[in-house]
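File shown: final-v8.cif. Contents: mmCIF, C-alpha atoms and all ligand atoms.
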data_final
#
loop_
_atom_site.label_atom_id
_atom_site.label_comp_id
_atom_site.auth_asym_id
_atom_site.auth_seq_id
_atom_site.Cartn_x
_atom_site.Cartn_y
_atom_site.Cartn_z
CA MET A 1089 0.00 0.00 0.00
CA VAL A 1090 1.45 3.38 -1.03
CA SER A 1091 0.73 6.30 1.33
CA ILE A 1092 -0.06 9.58 -0.38
CA GLY A 1093 -0.84 12.99 1.10
CA ILE A 1094 -2.93 15.38 -0.98
CA LEU A 1095 -2.58 19.01 0.02
CA GLY A 1096 -5.83 20.62 -1.09
CA GLY A 1097 -7.63 17.25 -1.03
CA GLY A 1098 -10.94 19.02 -0.37
CA GLY A 1099 -10.71 21.23 -3.45
CA PHE A 1100 -11.92 20.76 -7.01
CA LEU A 1101 -8.91 18.87 -8.41
CA GLY A 1102 -7.94 17.29 -5.09
CA SER A 1103 -11.40 15.83 -4.43
CA HIS A 1104 -11.49 14.20 -7.87
CA LEU A 1105 -7.96 12.87 -7.44
CA LEU A 1106 -8.62 11.33 -4.04
CA ALA A 1107 -11.78 9.59 -5.29
CA ALA A 1108 -9.82 8.12 -8.22
CA LEU A 1109 -6.97 6.99 -5.95
CA LEU A 1110 -9.39 5.27 -3.57
CA SER A 1111 -11.13 3.48 -6.42
CA ARG A 1112 -7.72 2.09 -7.54
CA GLY A 1113 -7.55 0.33 -4.14
CA ASP A 1114 -3.79 0.36 -3.53
CA PHE A 1115 -3.37 3.78 -1.93
CA GLN A 1116 -3.68 5.01 1.64
CA VAL A 1117 -4.77 8.65 1.22
CA GLU A 1118 -4.41 11.57 3.63
CA ALA A 1119 -6.42 14.54 2.39
CA VAL A 1120 -5.43 17.90 3.87
CA ASP A 1121 -7.66 20.95 3.57
CA THR A 1122 -9.53 23.63 5.49
CA THR A 1123 -12.90 22.19 4.43
CA PHE A 1124 -14.16 18.90 2.99
CA VAL A 1125 -17.62 19.80 1.72
CA LYS A 1126 -16.62 18.53 -1.77
CA VAL A 1127 -15.49 15.15 -0.41
CA ALA A 1128 -18.58 12.92 -0.44
CA THR A 1129 -16.89 9.74 0.63
CA SER A 1130 -15.77 8.19 3.86
CA HIS A 1131 -13.47 5.26 3.16
CA PRO A 1132 -11.28 3.00 5.29
CA GLN A 1133 -8.23 4.08 3.28
CA LEU A 1134 -8.95 7.82 3.62
CA VAL A 1135 -7.89 10.09 6.48
CA LEU A 1136 -8.98 13.74 6.57
CA THR A 1137 -6.63 16.26 8.17
CA GLN A 1138 -8.24 19.64 8.65
CA GLY A 1139 -5.91 22.63 8.59
CA SER A 1140 -4.16 25.24 6.53
CA ILE A 1141 -0.71 24.51 5.02
CA ASP A 1142 0.79 27.56 6.74
CA GLU A 1143 -0.12 26.25 10.21
CA PRO A 1144 3.03 25.40 12.19
CA GLY A 1145 3.87 21.69 12.01
CA LEU A 1146 1.16 20.73 9.55
CA LEU A 1147 3.39 20.20 6.51
CA ALA A 1148 6.06 18.43 8.57
CA GLY A 1149 3.46 15.91 9.76
CA VAL A 1150 2.08 15.25 6.27
CA VAL A 1151 5.54 14.77 4.76
CA ALA A 1152 6.59 12.47 7.63
CA ARG A 1153 3.47 10.29 7.32
CA ASN A 1154 3.41 9.80 3.53
CA GLN A 1155 5.69 8.41 0.82
CA ILE A 1156 4.31 10.77 -1.83
CA VAL A 1157 2.94 14.29 -1.43
CA VAL A 1158 0.74 15.88 -4.12
CA SER A 1159 0.46 19.63 -3.69
CA THR A 1160 -2.67 21.13 -5.24
CA THR A 1161 -3.28 24.08 -2.91
CA ALA A 1162 -3.35 27.45 -4.63
CA LEU A 1163 -5.09 30.77 -4.87
CA CYS A 1164 -5.80 30.19 -8.55
CA ASN A 1165 -8.65 32.49 -9.36
CA PRO A 1166 -7.79 35.31 -11.81
CA SER A 1167 -10.02 37.79 -9.96
CA LEU A 1168 -7.61 37.54 -6.99
CA TYR A 1169 -4.37 38.12 -8.91
CA ASN A 1170 -4.91 41.87 -9.11
CA THR A 1171 -7.02 42.35 -5.98
CA GLN A 1172 -5.02 40.30 -3.43
CA PRO A 1173 -1.62 39.90 -5.13
CA ALA A 1174 0.39 39.56 -1.89
CA GLU A 1175 -1.84 36.70 -0.68
CA VAL A 1176 -1.57 35.11 -4.13
CA ILE A 1177 2.24 35.25 -4.01
CA HIS A 1178 2.35 33.79 -0.49
CA ALA A 1179 -0.16 31.00 -1.18
CA ASN A 1180 1.53 29.96 -4.41
CA PHE A 1181 5.16 30.46 -3.43
CA THR A 1182 6.08 31.44 0.15
CA HIS A 1183 3.90 28.86 1.92
CA LEU A 1184 5.17 26.07 -0.32
CA VAL A 1185 8.91 26.70 0.13
CA PRO A 1186 8.90 24.78 3.45
CA LEU A 1187 7.19 21.87 1.67
CA VAL A 1188 10.00 21.69 -0.90
CA GLU A 1189 12.61 21.81 1.87
CA LEU A 1190 10.84 19.09 3.87
CA CYS A 1191 10.66 16.80 0.84
CA VAL A 1192 14.37 17.36 0.18
CA ARG A 1193 15.26 16.61 3.81
CA GLU A 1194 12.95 13.61 4.22
CA GLN A 1195 13.59 12.27 0.71
CA LYS A 1196 9.91 12.19 -0.20
CA ARG A 1197 8.48 12.27 -3.70
CA LEU A 1198 6.71 15.56 -4.51
CA ILE A 1199 4.17 15.96 -7.32
CA HIS A 1200 3.39 19.63 -7.63
CA PHE A 1201 0.47 21.19 -9.51
CA SER A 1202 1.74 24.30 -11.25
CA THR A 1203 -0.16 26.09 -14.01
CA CYS A 1204 -0.33 26.85 -17.72
CA GLU A 1205 -0.30 30.52 -16.64
CA VAL A 1206 3.49 30.29 -16.39
CA TYR A 1207 3.60 30.54 -20.21
CA GLY A 1208 2.07 34.01 -19.85
CA LYS A 1209 1.26 35.91 -23.02
CA THR A 1210 3.62 33.82 -25.14
CA LEU A 1211 2.71 33.93 -28.82
CA PRO A 1212 2.11 31.92 -30.89
CA ALA A 1213 -0.04 30.25 -28.28
CA ALA A 1214 -0.30 26.98 -30.19
CA GLY A 1215 1.78 24.09 -28.92
CA LEU A 1216 3.09 25.55 -25.67
CA ASN A 1217 5.95 23.21 -24.84
CA GLU A 1218 7.35 22.37 -21.40
CA ASP A 1219 11.01 22.39 -22.42
CA LEU A 1220 11.10 24.84 -25.34
CA SER A 1221 8.55 27.66 -24.95
CA PRO A 1222 9.71 30.94 -23.38
CA PHE A 1223 7.58 32.71 -20.78
CA LEU A 1224 6.34 36.25 -21.37
CA LEU A 1225 4.71 37.95 -18.39
CA GLY A 1226 3.24 41.46 -18.39
CA PRO A 1227 4.76 44.37 -16.43
CA VAL A 1228 4.62 44.47 -12.62
CA ALA A 1229 1.76 46.99 -12.73
CA LYS A 1230 -0.29 44.36 -14.55
CA GLU A 1231 -0.88 42.40 -11.34
CA ARG A 1232 -2.57 39.57 -13.22
CA TRP A 1233 0.93 38.12 -13.54
CA SER A 1234 1.54 37.87 -9.77
CA TYR A 1235 0.18 34.31 -9.91
CA ALA A 1236 2.20 33.16 -12.92
CA CYS A 1237 5.37 34.68 -11.47
CA ALA A 1238 4.91 32.98 -8.07
CA LYS A 1239 4.15 29.63 -9.69
CA GLN A 1240 7.12 29.98 -12.01
CA LEU A 1241 9.51 30.70 -9.16
CA LEU A 1242 8.32 27.62 -7.26
CA GLU A 1243 8.90 25.53 -10.39
CA ARG A 1244 12.44 26.90 -10.57
CA LEU A 1245 13.03 26.03 -6.92
CA LEU A 1246 11.87 22.45 -7.50
CA TRP A 1247 14.00 22.23 -10.61
CA ALA A 1248 17.05 23.54 -8.72
CA HIS A 1249 16.70 20.87 -6.02
CA GLY A 1250 16.10 18.20 -8.65
CA GLN A 1251 19.10 19.12 -10.81
CA HIS A 1252 21.58 20.07 -8.11
CA GLY A 1253 20.38 17.81 -5.30
CA ASP A 1254 18.30 14.71 -5.35
CA LEU A 1255 14.71 15.92 -4.99
CA ASN A 1256 12.33 13.46 -6.63
CA PHE A 1257 9.77 15.82 -8.16
CA THR A 1258 7.28 16.03 -11.01
CA ILE A 1259 5.57 19.27 -12.04
CA VAL A 1260 2.12 19.06 -13.60
CA ARG A 1261 0.85 22.06 -15.58
CA PRO A 1262 -2.97 21.91 -15.85
CA PHE A 1263 -4.60 23.75 -18.77
CA ASN A 1264 -8.14 24.98 -17.95
CA VAL A 1265 -9.52 21.89 -16.22
CA ILE A 1266 -13.31 22.01 -15.84
CA GLY A 1267 -15.86 19.64 -14.33
CA PRO A 1268 -18.34 18.99 -11.54
CA ARG A 1269 -17.57 20.62 -8.16
CA MET A 1270 -15.50 23.40 -9.69
CA ASP A 1271 -15.33 26.67 -7.74
CA PHE A 1272 -18.39 28.22 -6.08
CA ILE A 1273 -21.49 30.22 -6.91
CA PRO A 1274 -21.22 33.81 -5.63
CA GLY A 1275 -23.95 34.57 -3.12
CA ILE A 1276 -24.54 30.88 -2.36
CA ASP A 1277 -21.31 29.24 -1.21
CA GLY A 1278 -18.69 31.92 -1.79
CA GLU A 1279 -18.07 35.56 -2.58
CA GLY A 1280 -16.18 37.25 -5.40
CA ILE A 1281 -15.65 36.21 -9.01
CA PRO A 1282 -14.97 32.52 -9.74
CA ARG A 1283 -13.54 31.06 -12.98
CA VAL A 1284 -15.49 31.43 -16.19
CA LEU A 1285 -17.44 28.16 -15.86
CA ALA A 1286 -18.93 29.06 -12.48
CA CYS A 1287 -19.56 32.66 -13.60
CA PHE A 1288 -21.61 31.36 -16.52
CA MET A 1289 -23.40 28.74 -14.40
CA ARG A 1290 -24.32 31.39 -11.86
CA ALA A 1291 -25.85 33.56 -14.58
CA LEU A 1292 -27.81 30.60 -15.96
CA LEU A 1293 -29.09 29.50 -12.54
CA PHE A 1294 -30.20 33.06 -11.69
CA GLY A 1295 -31.68 33.72 -15.15
CA GLU A 1296 -29.19 36.50 -15.89
CA ALA A 1297 -27.16 37.33 -19.01
CA LEU A 1298 -23.76 35.61 -19.29
CA PRO A 1299 -20.94 38.17 -18.94
CA LEU A 1300 -18.50 38.13 -21.87
CA VAL A 1301 -15.28 39.86 -20.89
CA ASP A 1302 -14.15 42.05 -23.80
CA GLY A 1303 -16.69 40.31 -26.01
CA GLY A 1304 -15.55 36.74 -25.25
CA ARG A 1305 -13.10 36.54 -28.15
CA GLN A 1306 -10.40 34.87 -26.00
CA ARG A 1307 -9.88 31.15 -26.42
CA ARG A 1308 -9.12 28.40 -23.93
CA SER A 1309 -8.43 24.67 -24.38
CA PHE A 1310 -10.70 23.01 -21.84
CA ILE A 1311 -9.91 19.57 -20.45
CA TYR A 1312 -12.46 17.48 -18.57
CA VAL A 1313 -11.50 16.74 -14.98
CA ASP A 1314 -11.73 12.93 -15.49
CA ASP A 1315 -9.14 13.07 -18.32
CA PHE A 1316 -6.93 15.28 -16.15
CA THR A 1317 -7.24 12.96 -13.14
CA GLU A 1318 -6.38 9.90 -15.22
CA ALA A 1319 -3.17 11.61 -16.36
CA VAL A 1320 -2.21 12.46 -12.76
CA LEU A 1321 -2.83 8.84 -11.67
CA ARG A 1322 -0.40 7.75 -14.37
CA VAL A 1323 2.16 10.31 -13.17
CA ILE A 1324 1.83 8.81 -9.70
CA GLU A 1325 2.22 5.26 -11.02
CA ARG A 1326 5.12 5.97 -13.41
CA GLU A 1327 7.64 7.31 -10.96
CA ALA A 1328 10.86 6.62 -12.87
CA ALA A 1329 9.59 8.04 -16.17
CA CYS A 1330 8.17 11.19 -14.57
CA ARG A 1331 11.00 12.03 -12.16
CA GLY A 1332 12.37 15.53 -12.83
CA GLN A 1333 9.81 16.17 -15.59
CA ILE A 1334 7.45 19.08 -16.22
CA ILE A 1335 4.30 17.80 -17.90
CA ASN A 1336 1.48 19.76 -19.57
CA ILE A 1337 -1.92 18.19 -19.01
CA GLY A 1338 -4.57 19.66 -21.25
CA ASN A 1339 -6.73 18.97 -24.28
CA PRO A 1340 -5.65 20.80 -27.47
CA HIS A 1341 -8.75 19.48 -29.31
CA ASN A 1342 -11.11 21.58 -27.16
CA ASN A 1343 -9.71 25.01 -28.07
CA THR A 1344 -12.85 27.15 -27.81
CA ARG A 1345 -13.79 30.83 -27.91
CA ILE A 1346 -15.33 32.00 -24.64
CA ASP A 1347 -18.45 33.30 -26.43
CA GLU A 1348 -18.83 29.84 -27.96
CA LEU A 1349 -18.58 28.28 -24.49
CA ALA A 1350 -21.35 30.66 -23.40
CA SER A 1351 -23.59 29.55 -26.29
CA ARG A 1352 -22.95 25.84 -25.84
CA LEU A 1353 -23.43 25.93 -22.07
CA SER A 1354 -26.66 27.91 -22.47
CA ALA A 1355 -27.96 25.35 -24.98
CA VAL A 1356 -27.19 22.42 -22.64
CA PHE A 1357 -28.78 24.31 -19.74
CA ALA A 1358 -31.94 24.85 -21.83
CA SER A 1359 -32.02 21.05 -22.48
CA GLY A 1360 -32.55 21.37 -26.21
CA LYS A 1361 -35.34 23.98 -25.95
CA ASP A 1362 -34.95 26.88 -28.34
CA VAL A 1363 -34.21 29.57 -25.76
CA PRO A 1364 -32.28 32.68 -26.89
CA VAL A 1365 -28.76 32.93 -25.43
CA ARG A 1366 -28.54 35.96 -23.13
CA ARG A 1367 -25.07 37.52 -23.13
CA VAL A 1368 -23.73 40.87 -22.03
CA GLU A 1369 -20.38 42.36 -23.02
CA VAL A 1370 -18.29 43.83 -20.19
CA SER A 1371 -14.85 45.39 -20.31
CA ALA A 1372 -12.08 43.57 -18.46
CA GLU A 1373 -11.48 46.68 -16.33
CA GLU A 1374 -15.14 46.80 -15.30
CA PHE A 1375 -15.27 43.06 -14.57
CA TYR A 1376 -11.93 42.44 -12.86
CA GLY A 1377 -10.67 45.94 -11.98
CA ALA A 1378 -7.35 47.67 -12.73
CA GLY A 1379 -4.25 45.53 -13.20
CA TYR A 1380 -6.06 42.69 -14.98
CA ASP A 1381 -4.60 41.45 -18.23
CA ASP A 1382 -5.97 38.67 -20.40
CA VAL A 1383 -4.49 35.76 -22.33
CA VAL A 1384 -5.69 35.60 -25.92
CA GLU A 1385 -5.26 31.86 -26.33
CA ARG A 1386 -3.28 28.93 -24.95
CA ILE A 1387 -3.01 25.51 -26.49
CA PRO A 1388 -0.93 22.81 -24.83
CA ASP A 1389 1.62 20.63 -26.54
CA ILE A 1390 0.84 17.28 -24.90
CA ASP A 1391 3.35 15.08 -26.74
CA LYS A 1392 5.33 14.58 -23.54
CA ALA A 1393 2.24 13.48 -21.59
CA ARG A 1394 1.33 11.14 -24.44
CA SER A 1395 4.73 9.48 -24.51
CA LEU A 1396 5.50 9.36 -20.77
CA LEU A 1397 1.99 8.42 -19.65
CA ASN A 1398 0.60 6.57 -22.69
CA TRP A 1399 -2.38 8.87 -22.23
CA GLU A 1400 -4.75 10.85 -24.43
CA PRO A 1401 -7.61 13.15 -23.34
CA HIS A 1402 -10.87 11.79 -24.79
CA THR A 1403 -13.71 14.02 -23.62
CA SER A 1404 -15.00 16.65 -26.06
CA LEU A 1405 -16.53 19.91 -24.84
CA GLU A 1406 -19.92 18.66 -26.02
CA GLN A 1407 -19.60 15.49 -23.91
CA MET A 1408 -18.46 17.25 -20.74
CA LEU A 1409 -21.08 20.02 -20.53
CA ALA A 1410 -24.10 17.84 -19.66
CA PRO A 1411 -22.60 16.23 -16.53
CA ILE A 1412 -21.27 19.63 -15.45
CA VAL A 1413 -24.70 21.28 -15.80
CA ASP A 1414 -26.33 18.35 -13.96
CA ASP A 1415 -23.88 18.73 -11.06
CA TYR A 1416 -24.41 22.50 -10.69
CA ARG A 1417 -28.19 22.07 -10.93
CA ALA A 1418 -28.21 19.38 -8.25
CA ARG A 1419 -26.05 21.44 -5.90
CA TYR A 1420 -27.41 24.95 -6.48
CA GLN A 1421 -30.82 25.01 -8.19
CA PRO A 1422 -32.88 25.00 -4.96
CA GLN A 1423 -30.89 27.86 -3.38
CA ALA A 1424 -30.82 29.81 -6.65
CA ALA A 1425 -34.60 29.49 -6.97
CA GLY A 1426 -35.00 30.63 -3.34
CA GLU A 1427 -32.89 33.76 -3.93
CA GLN A 1428 -34.85 34.95 -6.97
N1 LIG A 1501 -14.38 35.35 -18.67
C1 LIG A 1501 -15.58 35.81 -19.24
N2 LIG A 1501 -16.69 35.89 -18.42
C2 LIG A 1501 -16.67 35.53 -17.10
C3 LIG A 1501 -15.45 35.05 -16.55
C4 LIG A 1501 -14.34 34.97 -17.35
O1 LIG A 1501 -15.64 36.14 -20.42
O2 LIG A 1501 -17.72 35.62 -16.46
C5 LIG A 1501 -13.18 35.19 -19.54
C6 LIG A 1501 -11.85 35.69 -18.96
O3 LIG A 1501 -11.65 37.06 -19.26
C7 LIG A 1501 -10.85 34.80 -19.69
C8 LIG A 1501 -11.61 33.49 -19.93
O4 LIG A 1501 -12.99 33.80 -19.72
O5 LIG A 1501 -10.51 35.34 -20.94
C9 LIG A 1501 -11.18 32.34 -19.01
O6 LIG A 1501 -11.29 32.73 -17.71
P1 LIG A 1501 -11.01 31.83 -16.44
O7 LIG A 1501 -11.69 32.48 -15.29
O8 LIG A 1501 -11.36 30.41 -16.69
O9 LIG A 1501 -9.43 31.94 -16.18
P2 LIG A 1501 -8.10 31.87 -17.10
O10 LIG A 1501 -8.27 30.83 -18.14
O11 LIG A 1501 -7.92 33.24 -17.68
O12 LIG A 1501 -7.04 31.54 -16.11
#
Could you write out this structure as structure tokens?
Ligand code: UDP
Amino acid sequence: MVSIGILGGGGFLGSHLLAALLSRGDFQVEAVDTTFVKVATSHPQLVLTQGSIDEPGLLAGVVARNQIVVSTTALCNPSLYNTQPAEVIHANFTHLVPLVELCVREQKRLIHFSTCEVYGKTLPAAGLNEDLSPFLLGPVAKERWSYACAKQLLERLLWAHGQHGDLNFTIVRPFNVIGPRMDFIPGIDGEGIPRVLACFMRALLFGEALPLVDGGRQRRSFIYVDDFTEAVLRVIEREAACRGQIINIGNPHNNTRIDELASRLSAVFASGKDVPVRRVEVSAEEFYGAGYDDVVERIPDIDKARSLLNWEPHTSLEQMLAPIVDDYRARYQPQAAGEQ
């Protein structure tokens, strides 16, 4: 039995990963988070540790108790990058430095979730490659890049310990993972602006127009959470092949304009009825405030994931939207109806 600690095990990606690990049967899982409302299961091979990673002694205990640590904790919501940049830098860099040091000292394997944001505004956006593409971040005053910069520096720290010491690490770079249990609905179980999927679902549930930032011309390559989770399981299982590697995990086949996502999601929400799509254009400044900056497009090169993991993402946008809508309806429809 392999023991594995998941930092952020109560979050969107962490909760899907822990369910998949438990269904494999050969893992003892310690999930660490401040809340576990997204974890539906109690299981003999699952232990929940409630706490924040910056609490004294918490990381030391998790590293001591487990053979592998997967770090998924992050402040990874673009609306925070320019409104709480110091917190974003600490959550994504400062608070994780002790984790890296503990894994070096205790000789534990560390699988770290970084981000496709590290590529920044790099153009052309097609085929962003782990070992070849340069990073291009905006100026300091464009605080959007506080997140990418913090994540990039942590990657460089891991790389330094891997190359010049003997840290056994793998960096995963997720590209716009979406699925059930993602984020929160403002006014129901959180405040602020979530990622685009939850923003659109909120508008649909409340019967409002879907906000298209700067007209929704930006594109993202969306990967379904089940495809993402399967890739991470293979990273966990293929230790030798993945040691010291940075691996993009995304779906280049689902490169979609945001206004198209709005239309398709609205159609699925209307369950085939011919309801007009309600959309409203908002400027980025109005929606996110000063210091926001957008990414026009980002398409992953996943050749490395294909060859190291013998993996391919299979779920099209069309296939993933129905289960996502069903999940949000089941969790939020009654409250949304009550608020109207
Ligand atoms: N966006 C939008 N309407 C919203 C929320 C986001 O048009 O209600 C846009 C946002 O400007 C960005 C894209 O959707 O271009 C993807 O946003 P997301 O929140 O998923 O984060 P990102 O991919 O930029 O990290």
List the neighbours of A:Asn1342 out to 12 Å using all atoms listed in the file; skip same-chain residues closer than 4 positions along the sequence, and give me the result as a list in words.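 Those residues are Phe1263, Asn1264, Val1265, Ile1266, Arg1307, Arg1308, Ser1309, Phe1310, Ile1311, Tyr1312, Gly1338, Ile1346, Glu1348, Leu1349, Glu1385, Arg1386, Ile1387, Pro1388, Pro1401, His1402, Thr1403, Ser1404, Leu1405, Glu1406, Gln1407 and Met1408 of chain A.
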Extract, using all atoms listed in the file, all DNA, RNA and protein residues at most 10 Å from stretch 1190-1198 of chain A, discarding same-chain residues fewer than 2 positions from it, and format them as a PyMOL selection string. chain A and resi 1092-1093+1147-1152+1154-1159+1184-1188+1200-1201+1246+1249-1250+1253-1259+1324+1327+1331
Nearby residues, ligand LIG 1501 (chain A), 6 Å, only C-alpha atoms and all ligand atoms, as a ChimeraX atom specification: /A:1166,1264,1283-1284,1287-1288,1299-1301,1304,1306,1346,1382
Using only C-alpha atoms, determine which residues lie at most 12 Å from A:Val1370, disregarding the query and same-chain residues fewer than 2 positions distant; provide the list as an MDAnalysis selection string. chainID A and resid 1297:1305 1367:1368 1372:1377
Excluding stretch 1100-1105 of chain A and any residue of its chain fewer than 4 positions from it, enumerate the residues within 6 Å of it, using only C-alpha atoms, and give them as a ChimeraX atom specification. /A:1096,1127,1269-1270,1317
Can those selected residues be exported to a file as a PDB file, in the frame of the given file so that it contains C-alpha atoms?
ATOM      1  CA  GLY A1096      -5.830  20.620  -1.090  1.00  0.00           C
ATOM      2  CA  VAL A1127     -15.490  15.150  -0.410  1.00  0.00           C
ATOM      3  CA  ARG A1269     -17.570  20.620  -8.160  1.00  0.00           C
ATOM      4  CA  MET A1270     -15.500  23.400  -9.690  1.00  0.00           C
ATOM      5  CA  THR A1317      -7.240  12.960 -13.140  1.00  0.00           C
TER       6      THR A1317
END
Neighbours of A:Ser1359 within 10 Å (all atoms listed in the file; same-chain residues fewer than 6 positions away dropped), as a ChimeraX atom specification? /A:1353,1410,1413
Name the closest residue to A:Thr1203 among the candidates A:Arg1261, A:Arg1419, A:Arg1112, A:Arg1394; distances are taken between atoms, counting only C-alpha atoms. A:Arg1261
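Distances here use only C-alpha atoms; by that measure, the residue among A:Val1365, A:Ile1334, A:Ile1141, A:Ala1286 closest to A:Arg1244 is A:Ile1334.
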State, in Å with one decimal place, the distance from atom CA of A:Trp1399 to atom CA of A:Thr1160. 21.0 Å
To one decimal place, how far is atom CA of A:Phe1181 from atom CA of A:Ala1248 in Å?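 Interatomic distance, atom CA of A:Phe1181 to atom CA of A:Ala1248: 14.7 Å.
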